[in-house]
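Q: Sharing a structure below in structure tokens format, with a few things to ask.
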Protein chains: 2
Amino acid sequence: MGRTSDARNKILEAARTLIEQRGYSALGVAEICTAAGVPKGSFYHFFASKQALALTVIDEHWTAQQQQWSELLGSDRAPLERLRDLFEATEEFQRAGRQEAGLVVGCLFGNLAAELSNQVPEIRDRLQEIFEAQIDMIEKVIVEAKDAGQAGPAVDTRDAARSIVAQIEGRVLLAKLLDDPAQLGTLWQNSLGLLQVPAAARPAGV
Amino acid sequence: MGRTSDARNKILEAARTLIEQRGYSALGVAEICTAAGVPKGSFYHFFASKQALALTVIDEHWTAQQQQWSELLGSDRAPLERLRDLFEATEEFQRAGRQEAGLVVGCLFGNLAAELSNQVPEIRDRLQEIFEAQIDMIEKVIVEAKDAGQAGPAVDTRDAARSIVAQIEGRVLLAKLLDDPAQLGTLWQNSLGLLQVPAAARPAGV
């Protein structure tokens, strides 16, 4: 890796950490460059603006997350087990983030949606696409569960997927507020309720 | 109302609107005073700092919301109907806010929790108290529903209340991201799932 792409990566890494810690609006390009240890002139070699940088941070985070979600939700395990795998990975991600940053940082997408939906249309549009893609991926698994009789016959698969994404976002917000990743520990059990999973299809003890 | 309290109210009103639209970090005292039409000298007559102002905005919003929640959740209607009343009022609040501001502004508490949990301990502490109080109020209704056989016997009332608050926050976030208050329209139905409401206790068609 040459010096040039090193600088770009350092800027992206610093920006992501700072956005997670402090949000977008309060940040300046100069501060990001200082944290990255990169001269300000380099910044505009790689990014047209702070907004362009934020969009790249979002895209890189989504690329990695989408890859992980695809693997977990596309595995050959039973549909409800795949949802459990996703929730466990989400909790683990918050735990690892806490270990690294000292505090639960929450969801990059949720944080930015709360902060910027009414301020930066380009970021709002990108986040809308990402949340819709998350809902699509979860809905596919719910459809499979329903076809297998492992979700209630009356479940609206689209709305249930939306509710599960909302539930993840709400629980991650509580985890951040309370600095406690264990707030995500009952996501799976609650999803069984949202999906009206018949008693016979529930694992023992749930 | 004398001139003095007028100025205080104008500052509070402007601050609340600006915090809803743009968050806390990006705001300055000078901007708040300009929006309020109040000289900057007056500001420090009423508030020691921007943080003190934000805490007052939070407290006033909570006082009003707590009053509304108490009325709705403490009414003499059936427990599950009281939850429905709360969800309908929450959706109506977002619709009214959208009419006034032109865009869904989301949840003041959720927005600030996402933005400031890792930055301003005093605000984080206050928000923790508010969310715990919300969970307490909802749990009381769930306990009543459970005692009446209208929630599943295996439901953990505390965790179910936490899940409902998380569900509200997640749905309000989607409503803000999509500028669509109808995202809150299935909160009640989803809560019946979270509460494992027996089929016999569900209203017709749900």
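Identifiers in this document derive from the order of the structure tokens: chains are assigned A, B, ..., residues are numbered from 1 separately in each chain, and ligands are numbered from 1 in order of occurrence.
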When the cut-off is 6 Å and we count only C-alpha atoms, which residues of chain A are near chain B, given as a PyMOL selection string?
A: chain A and resi 25-26+111+113-114+117+166-167+169-171+177+190+193-194+196
Q: The selected residues should be written to file as a PDB file, in the first residue's frame (atoms: C-alpha atoms).
A:
ATOM      1  CA  SER A  25     -22.197  18.448  12.670  1.00  0.00           C
ATOM      2  CA  ALA A  26     -19.723  19.252  15.418  1.00  0.00           C
ATOM      3  CA  ASN A 111     -26.939   7.973  15.027  1.00  0.00           C
ATOM      4  CA  ALA A 113     -30.313   9.227  10.853  1.00  0.00           C
ATOM      5  CA  ALA A 114     -31.298  10.873  14.129  1.00  0.00           C
ATOM      6  CA  SER A 117     -32.365  13.274   8.436  1.00  0.00           C
ATOM      7  CA  ALA A 166     -36.813  -0.789  14.565  1.00  0.00           C
ATOM      8  CA  GLN A 167     -36.340  -3.090  17.547  1.00  0.00           C
ATOM      9  CA  GLU A 169     -32.274   0.388  16.527  1.00  0.00           C
ATOM     10  CA  GLY A 170     -34.256   1.030  19.721  1.00  0.00           C
ATOM     11  CA  ARG A 171     -32.299  -1.534  21.708  1.00  0.00           C
ATOM     12  CA  LEU A 177     -27.677   5.471  26.680  1.00  0.00           C
ATOM     13  CA  ASN A 190     -38.737 -10.473  21.444  1.00  0.00           C
ATOM     14  CA  GLY A 193     -43.149 -12.525  19.789  1.00  0.00           C
ATOM     15  CA  LEU A 194     -43.162 -10.079  16.886  1.00  0.00           C
ATOM     16  CA  GLN A 196     -46.022 -14.725  16.451  1.00  0.00           C
TER      17      GLN A 196
END
Q: Excluding same-chain residues fewer than 4 positions from segment 64-78 of chain B, what lies within 10 Å of it counting only C-alpha atoms, as a compact mmCIF listing (two decimals) with C-alpha atoms, in the first residue's frame?
A:
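around_27.txt was written with the following content:
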# COMPACT_ATOMS: atom_id res chain seq x y z
CA ASP B 59 -37.28 18.83 31.69
CA GLU B 60 -40.12 20.92 30.26
CA ARG B 82 -54.37 2.20 27.12
CA LEU B 83 -51.25 1.12 25.30
CA ARG B 84 -53.06 1.70 22.02
CA ASP B 85 -54.04 5.18 23.20
CA LEU B 86 -50.38 5.91 23.94
CA PHE B 87 -49.21 4.74 20.51
CA ALA B 89 -50.97 9.85 20.73
CA THR B 90 -47.32 9.28 19.82
CA ILE B 130 -36.61 9.73 31.76
CA ALA B 133 -39.61 6.43 34.11
CA GLN B 134 -41.21 5.65 30.74
CA MET B 137 -45.12 3.56 33.43
CA ILE B 138 -45.50 1.01 30.66
CA LYS B 140 -47.38 -1.04 35.31
CA VAL B 141 -49.88 -1.42 32.47
CA GLU B 144 -52.24 -5.24 34.85
CA ALA B 145 -52.69 -6.87 31.44
CA ALA B 148 -56.03 -10.03 33.67
CA GLN B 150 -54.39 -10.37 28.48
Q: Pick from B:Val120, B:Ala54, B:Ala200, B:Thr17: nearest to Glu100 of chain B, with only C-alpha atoms counted?
A: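 Looking only at the distances to Glu100 of chain B, the closest residue turns out to be B:Thr17.
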Q: Considering only C-alpha atoms, return as an NGL selection string whatever protein or nucleic-acid residues lie within 10 Å of Phe46 of chain A, sequence-local ones (same chain, fewer than 5 positions apart) excluded.
A: :A and (4-5 or 7-9 or 11 or 41 or 52-53)
Q: Based on the selection just made, write C-alpha atoms of those residues as a PDB file, in the first residue's frame.
A:
ATOM      1  CA  THR A   4      -1.313   7.936  -0.898  1.00  0.00           C
ATOM      2  CA  SER A   5      -3.837   5.268  -0.006  1.00  0.00           C
ATOM      3  CA  ALA A   7      -3.427   8.791   3.972  1.00  0.00           C
ATOM      4  CA  ARG A   8      -6.902   8.105   2.623  1.00  0.00           C
ATOM      5  CA  ASN A   9      -7.356   5.186   4.994  1.00  0.00           C
ATOM      6  CA  ILE A  11      -8.631   9.951   7.164  1.00  0.00           C
ATOM      7  CA  GLY A  41      -4.051  19.647   1.754  1.00  0.00           C
ATOM      8  CA  ALA A  52     -18.324  13.349   0.694  1.00  0.00           C
ATOM      9  CA  LEU A  53     -16.122  11.879   3.408  1.00  0.00           C
TER      10      LEU A  53
END
